[in-house]
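Shown below: protein-v2.csv, with CSV, C-alpha atoms.
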```csv
chain,number,residue,atom,x,y,z
A,1,MET,CA,84.9,33.2,39.1
A,2,PHE,CA,83.2,33.6,35.6
A,3,GLN,CA,79.6,33.0,34.5
A,4,ASP,CA,80.8,31.9,31.1
A,5,ARG,CA,83.4,32.7,28.5
A,6,TYR,CA,81.6,36.0,27.5
A,7,ASP,CA,81.7,37.2,31.1
A,8,ALA,CA,85.4,36.2,31.3
A,9,GLY,CA,86.1,38.2,28.1
A,10,ARG,CA,84.5,41.3,29.5
A,11,GLN,CA,86.5,41.0,32.7
A,12,LEU,CA,89.7,40.4,30.8
A,13,ALA,CA,89.1,43.3,28.5
A,14,ARG,CA,89.3,45.7,31.5
A,15,LYS,CA,92.9,44.7,32.0
A,16,LEU,CA,93.7,45.5,28.4
A,17,GLU,CA,92.1,48.9,28.2
A,18,HIS,CA,95.4,50.6,27.4
A,19,TYR,CA,95.1,48.9,23.9
A,20,ALA,CA,91.6,50.3,23.2
A,21,ALA,CA,90.9,51.9,19.9
A,22,ARG,CA,94.4,51.5,18.6
A,23,GLU,CA,94.8,50.9,14.9
A,24,ASP,CA,97.9,48.7,15.4
A,25,VAL,CA,96.1,46.2,17.7
A,26,ILE,CA,94.5,42.9,16.6
A,27,ILE,CA,92.9,40.2,18.7
A,28,LEU,CA,93.8,36.6,17.7
A,29,ALA,CA,91.5,34.1,19.4
A,30,LEU,CA,92.5,30.4,19.7
A,31,PRO,CA,89.5,28.3,18.6
A,32,ARG,CA,87.3,27.1,19.8
A,33,GLY,CA,87.0,28.2,23.5
A,34,GLY,CA,89.1,31.3,23.1
A,35,VAL,CA,86.7,32.8,20.5
A,36,PRO,CA,83.9,33.9,22.8
A,37,VAL,CA,86.5,35.4,25.1
A,38,GLY,CA,88.3,37.1,22.3
A,39,TYR,CA,85.0,38.4,20.8
A,40,GLU,CA,84.2,40.3,24.0
A,41,VAL,CA,87.8,41.6,24.3
A,42,ALA,CA,87.7,42.9,20.7
A,43,ASN,CA,84.3,44.5,21.2
A,44,TRP,CA,85.3,46.2,24.4
A,45,LEU,CA,88.6,47.5,22.9
A,46,ARG,CA,87.0,48.3,19.5
A,47,VAL,CA,89.8,46.5,17.6
A,48,PRO,CA,89.7,43.8,14.9
A,49,LEU,CA,89.1,40.1,15.7
A,50,ASP,CA,90.6,37.1,13.9
A,51,LEU,CA,91.4,33.5,14.6
A,52,PHE,CA,94.8,32.0,15.1
A,53,LEU,CA,94.7,28.3,14.5
A,54,VAL,CA,97.6,26.3,15.8
A,55,ARG,CA,98.4,22.6,15.6
A,56,LYS,CA,101.1,21.0,17.6
A,57,LEU,CA,103.4,18.6,15.7
A,58,GLY,CA,103.5,15.7,18.0
A,59,VAL,CA,106.4,13.3,18.2
A,60,PRO,CA,105.3,10.0,16.6
A,61,GLY,CA,104.3,7.6,19.4
A,62,TYR,CA,104.5,10.4,21.9
A,63,GLU,CA,102.0,12.9,20.5
A,64,GLU,CA,101.7,15.0,23.6
A,65,LEU,CA,105.4,15.9,23.2
A,66,ALA,CA,105.7,18.7,20.6
A,67,MET,CA,108.5,18.7,18.0
A,68,GLY,CA,107.1,21.9,16.4
A,69,ALA,CA,103.9,23.6,15.3
A,70,ILE,CA,102.0,24.8,12.3
A,71,ALA,CA,99.6,27.8,12.4
A,72,SER,CA,97.4,30.1,10.5
A,73,GLY,CA,99.2,32.0,7.7
A,74,GLY,CA,101.2,29.0,6.5
A,75,VAL,CA,103.6,29.1,9.4
A,76,SER,CA,105.6,26.1,10.5
A,77,VAL,CA,108.2,25.9,13.2
A,78,LEU,CA,110.3,22.9,14.1
A,79,ASN,CA,112.1,22.2,17.4
A,80,LYS,CA,115.5,21.0,16.1
A,81,ASP,CA,116.7,20.0,19.6
A,82,VAL,CA,113.8,17.6,20.1
A,83,ILE,CA,114.1,16.2,16.6
A,84,LYS,CA,117.8,15.6,17.0
A,85,GLU,CA,117.6,14.1,20.5
A,86,LEU,CA,114.9,11.6,19.5
A,87,ASN,CA,116.4,10.8,16.1
A,88,ILE,CA,113.1,11.7,14.3
A,89,THR,CA,113.5,11.0,10.6
A,90,ARG,CA,112.6,13.5,7.8
A,91,GLN,CA,109.9,11.0,6.6
A,92,GLU,CA,108.3,10.9,10.0
A,93,ILE,CA,108.3,14.7,10.2
A,94,LEU,CA,106.8,15.1,6.7
A,95,LYS,CA,104.0,12.6,7.6
A,96,VAL,CA,103.1,14.5,10.8
A,97,VAL,CA,103.2,17.9,9.0
A,98,SER,CA,101.1,16.6,6.1
A,99,ASP,CA,98.4,15.3,8.4
A,100,GLU,CA,98.3,18.4,10.6
A,101,VAL,CA,98.3,20.7,7.5
A,102,GLU,CA,95.2,19.0,6.2
A,103,GLU,CA,93.4,19.3,9.6
A,104,LEU,CA,94.4,23.0,9.8
A,105,LYS,CA,93.0,23.6,6.4
A,106,ARG,CA,89.8,21.8,7.2
A,107,ARG,CA,89.3,23.9,10.4
A,108,GLU,CA,90.2,27.1,8.6
A,109,LEU,CA,87.5,26.4,6.0
A,110,VAL,CA,84.9,25.5,8.7
A,111,TYR,CA,85.6,28.5,10.9
A,112,ARG,CA,86.6,31.2,8.4
A,113,GLY,CA,84.9,30.2,5.1
A,114,ASN,CA,86.3,32.4,2.4
A,115,ARG,CA,87.3,35.2,4.7
A,116,PRO,CA,91.0,35.8,4.4
A,117,PRO,CA,93.2,36.1,7.6
A,118,LEU,CA,94.1,39.6,8.7
A,119,SER,CA,97.7,40.7,8.5
A,120,VAL,CA,99.6,40.8,11.8
A,121,ARG,CA,102.8,42.2,10.5
A,122,ASP,CA,104.0,45.2,12.6
A,123,LYS,CA,100.8,44.9,14.7
A,124,ILE,CA,100.4,44.3,18.4
A,125,ALA,CA,98.9,40.8,18.4
A,126,ILE,CA,96.9,39.8,21.4
A,127,LEU,CA,96.5,36.0,21.7
A,128,VAL,CA,93.4,35.1,23.6
A,129,ASP,CA,92.2,31.8,25.1
A,130,ASP,CA,89.8,30.8,27.8
A,131,GLY,CA,92.5,29.7,30.1
A,132,LEU,CA,96.0,28.1,30.5
A,133,ALA,CA,96.7,24.8,32.2
A,134,THR,CA,100.0,23.4,30.7
A,135,GLY,CA,100.1,26.2,28.1
A,136,SER,CA,101.5,23.9,25.4
A,137,THR,CA,99.1,25.1,22.7
A,138,MET,CA,99.7,28.8,23.6
A,139,ARG,CA,103.4,28.4,23.6
A,140,ALA,CA,103.1,26.8,20.1
A,141,ALA,CA,101.0,29.8,19.1
A,142,VAL,CA,103.5,32.3,20.3
A,143,MET,CA,106.3,30.4,18.6
A,144,ALA,CA,104.4,30.3,15.3
A,145,LEU,CA,103.1,33.9,15.5
A,146,ARG,CA,106.7,35.2,15.8
A,147,ARG,CA,107.3,34.1,12.2
A,148,LEU,CA,104.6,36.5,11.0
A,149,GLU,CA,106.6,39.4,12.4
A,150,PRO,CA,104.1,41.2,14.7
A,151,ALA,CA,105.5,44.3,16.5
A,152,MET,CA,104.6,42.7,19.8
A,153,ILE,CA,102.9,39.5,21.1
A,154,VAL,CA,100.6,39.7,24.1
A,155,VAL,CA,99.1,36.6,25.7
A,156,ALA,CA,95.8,37.3,27.5
A,157,VAL,CA,93.7,34.8,29.4
A,158,PRO,CA,91.1,35.0,32.2
A,159,VAL,CA,92.7,32.3,34.3
A,160,GLY,CA,95.9,30.4,34.3
A,161,ALA,CA,98.3,28.2,36.3
A,162,PRO,CA,100.9,30.5,38.0
A,163,ASP,CA,103.9,28.5,36.7
A,164,THR,CA,102.5,28.4,33.1
A,165,CYS,CA,101.9,32.2,33.1
A,166,ALA,CA,105.4,32.8,34.4
A,167,LYS,CA,107.0,30.6,31.8
A,168,LEU,CA,105.1,32.4,29.0
A,169,GLU,CA,106.5,35.7,30.2
A,170,LEU,CA,109.8,34.4,28.8
A,171,GLU,CA,108.3,33.9,25.4
A,172,ALA,CA,105.7,36.6,24.8
A,173,ASP,CA,106.3,40.3,25.2
A,174,GLU,CA,103.5,40.7,27.7
A,175,VAL,CA,101.3,38.2,29.6
A,176,VAL,CA,98.0,39.1,31.2
A,177,CYS,CA,96.6,36.3,33.4
A,178,LEU,CA,93.6,37.8,35.1
A,179,HIS,CA,93.5,35.2,37.8
A,180,THR,CA,96.3,32.8,38.8
A,181,PRO,CA,94.9,30.4,41.5
A,182,ARG,CA,97.5,28.4,43.3
A,183,GLN,CA,95.5,25.2,42.6
A,184,LEU,CA,94.1,25.5,39.1
A,185,ARG,CA,93.0,21.9,38.9
A,186,ALA,CA,91.2,22.5,35.5
A,187,VAL,CA,90.3,25.6,33.6
A,188,GLY,CA,86.6,24.7,33.5
A,189,HIS,CA,86.5,24.6,37.3
A,190,TRP,CA,86.5,28.5,37.2
A,191,TYR,CA,83.5,28.8,35.0
A,192,ALA,CA,79.9,28.3,36.0
A,193,ASP,CA,79.1,27.5,32.4
A,194,PHE,CA,82.0,25.8,30.5
A,195,GLY,CA,80.0,24.1,27.8
A,196,GLN,CA,81.8,23.4,24.5
A,197,THR,CA,82.0,26.2,22.0
A,198,THR,CA,80.6,24.9,18.7
A,199,ASP,CA,81.8,25.5,15.2
A,200,ASP,CA,78.6,27.4,14.4
A,201,GLU,CA,79.2,29.7,17.4
A,202,VAL,CA,82.7,30.4,16.2
A,203,GLN,CA,81.4,31.3,12.7
A,204,GLU,CA,78.6,33.5,14.1
A,205,LEU,CA,80.9,35.5,16.3
A,206,LEU,CA,83.4,36.1,13.6
A,207,THR,CA,80.7,37.2,11.2
A,208,HIS,CA,78.9,39.4,13.7
A,209,HIS,CA,82.1,41.2,14.8
A,210,SER,CA,83.2,41.7,11.1
A,211,ALA,CA,79.8,43.1,10.2
A,212,ALA,CA,79.7,45.4,13.2
A,213,ALA,CA,83.1,46.8,12.4
A,214,GLU,CA,82.1,47.8,8.8
```
Translate this structure into structure tokens?
Amino acid sequence: MFQDRYDAGRQLARKLEHYAAREDVIILALPRGGVPVGYEVANWLRVPLDLFLVRKLGVPGYEELAMGAIASGGVSVLNKDVIKELNITRQEILKVVSDEVEELKRRELVYRGNRPPLSVRDKIAILVDDGLATGSTMRAAVMALRRLEPAMIVVAVPVGAPDTCAKLELEADEVVCLHTPRQLRAVGHWYADFGQTTDDEVQELLTHHSAAAE
């Protein structure tokens, strides 16, 4: 379906052309795999590109189950229903938050260096990743991004599980899943080249896009 993430980004961008050259639009790519996709979308639409790092706050002992999320911009969101149902203590929450904040800071420094994040307030924020399987990270990103008060949140991916894309439509303002195969199996199955995106590649793409926009 796609040669690589760059090809996927170019194909996805064609579905987002109604956002081209708008001053109120910003692309927020989820590292690492979403960055090459977002880079091509941002170039095609001629709009700014930035990262949106998000870390799920896993329930202690059941880390795949999220009790909240933290994200770029100092945003933290807690799912009070999960916390109450599982009787998670304040100390347990603080420990998980502390660990994830440190990891988020480390990744921000690696990817962004000294470049400050772009403001998303009152903007149309388009969250981009290379695909959606369970969608847990993207849902956490949408939840966290709401706290930064964008005018609108758009989720855009080249390929996604139909049920996942449908559920996200209840949380984001618009969802663009370019392809929704009935049997997704794995996101990488739909790419001829699905090699890991490196930290250096993320840095290079951000730097190149920023320099080209100046």
Write out as a PDB file with C-alpha atoms, in the frame of the given file each polymer residue whose atoms come within 9 Å of A:Gln183, counting only C-alpha atoms; drop sequence neighbours fewer than 3 positions from it.
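And here is the file that came out, selection-v9.pdb:
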```pdb
ATOM      1  CA  ALA A 161      98.300  28.200  36.300  1.00  0.00           C
ATOM      2  CA  PRO A 162     100.900  30.500  38.000  1.00  0.00           C
ATOM      3  CA  THR A 180      96.300  32.800  38.800  1.00  0.00           C
ATOM      4  CA  ALA A 186      91.200  22.500  35.500  1.00  0.00           C
TER       5      ALA A 186
END
```
Pairwise distance for atom CA of A:Ala8 and atom CA of A:Ala192, rounded to one decimal in Å: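 According to the coordinates, atom CA of A:Ala8 and atom CA of A:Ala192 are separated by 10.7 Å.
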Neighbourhood query: residues within 10 Å of (92.9, 24.5, 19.9), file coordinates, counting only C-alpha atoms; return as a PyMOL selection string. chain A and resi 29-34+52-56+129+137-138+141
Can you spit out the residues from that selection as a compact mmCIF listing (two decimals), in the frame of the given file, using C-alpha atoms?
```txt
# COMPACT_ATOMS: atom_id res chain seq x y z
CA ALA A 29 91.50 34.10 19.40
CA LEU A 30 92.50 30.40 19.70
CA PRO A 31 89.50 28.30 18.60
CA ARG A 32 87.30 27.10 19.80
CA GLY A 33 87.00 28.20 23.50
CA GLY A 34 89.10 31.30 23.10
CA PHE A 52 94.80 32.00 15.10
CA LEU A 53 94.70 28.30 14.50
CA VAL A 54 97.60 26.30 15.80
CA ARG A 55 98.40 22.60 15.60
CA LYS A 56 101.10 21.00 17.60
CA ASP A 129 92.20 31.80 25.10
CA THR A 137 99.10 25.10 22.70
CA MET A 138 99.70 28.80 23.60
CA ALA A 141 101.00 29.80 19.10
```
One decimal, in Å: what's the spacing between atom CA of A:Ser119 and atom CA of A:Ser210?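 Taking atom CA of A:Ser119 as the start and atom CA of A:Ser210 as the end point, the length is 14.8 Å.
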Near-A:Leu178 list (8 Å; all atoms listed in the file; drop same-chain fewer than 6 positions) as a PyMOL selection string: chain A and resi 12+15+156-160
From the list A:Val175, A:Leu109, A:Val187, A:Leu94, which residue is nearest A:Ala133 when using only C-alpha atoms?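 Answer, going by the shortest atom-to-atom distance: A:Val187.
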Set the distance at 8 Å and use all atoms listed in the file: which residues neighbour A:Leu148 once local chain neighbours fewer than 2 positions away are removed? I'd like the list as a ChimeraX atom specification. /A:73,75,120-121,144-146,150
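If you measure from each of A:Ala13, A:Val96, A:Val202, A:Met67 to A:Leu45 using only C-alpha atoms, the closest one turns out to be A:Ala13.
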Looking at A:Asp81, A:Glu100, A:Glu149, A:Glu64, which one is nearest to A:Lys123, with distances taken over all atoms listed in the file?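 Counting all atoms listed in the file, the residue closest to A:Lys123 is A:Glu149.
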Find the distance between atom CA of A:Gln196 and atom CA of A:Tyr6 and write it in Å to one decimal.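 Atom-to-atom, atom CA of A:Gln196 and atom CA of A:Tyr6 are spaced 13.0 Å apart.
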Closest to A:Gly131 among A:His209, A:Lys80, A:His18, A:His189, using all atoms listed in the file?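 The shortest atom-to-atom distance to A:Gly131 comes from A:His189.
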Minimum-distance residue to A:Ala21, chosen among A:Val47, A:Ala172, A:Ala213, A:Ile93 (using only C-alpha atoms): A:Val47
Could you check which of A:Phe194, A:Gly58, A:Ile83, A:Gln203 is closest to A:Gln3, using only C-alpha atoms?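 So, comparing all the options, the nearest one is A:Phe194.
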Would you pick out the contacts of A:Gly113 at 12 Å or less, using all atoms listed in the file, so that residues sharing its chain but fewer than 6 positions from it are not included, and give the list as an NGL selection string? :A and (51 or 105-107 or 199-200 or 202-204 or 206-207)
Spatial neighbours of A:Leu118, 9 Å, all atoms listed in the file, chain gap at least 3 places, as a ChimeraX atom specification: /A:26,48-51
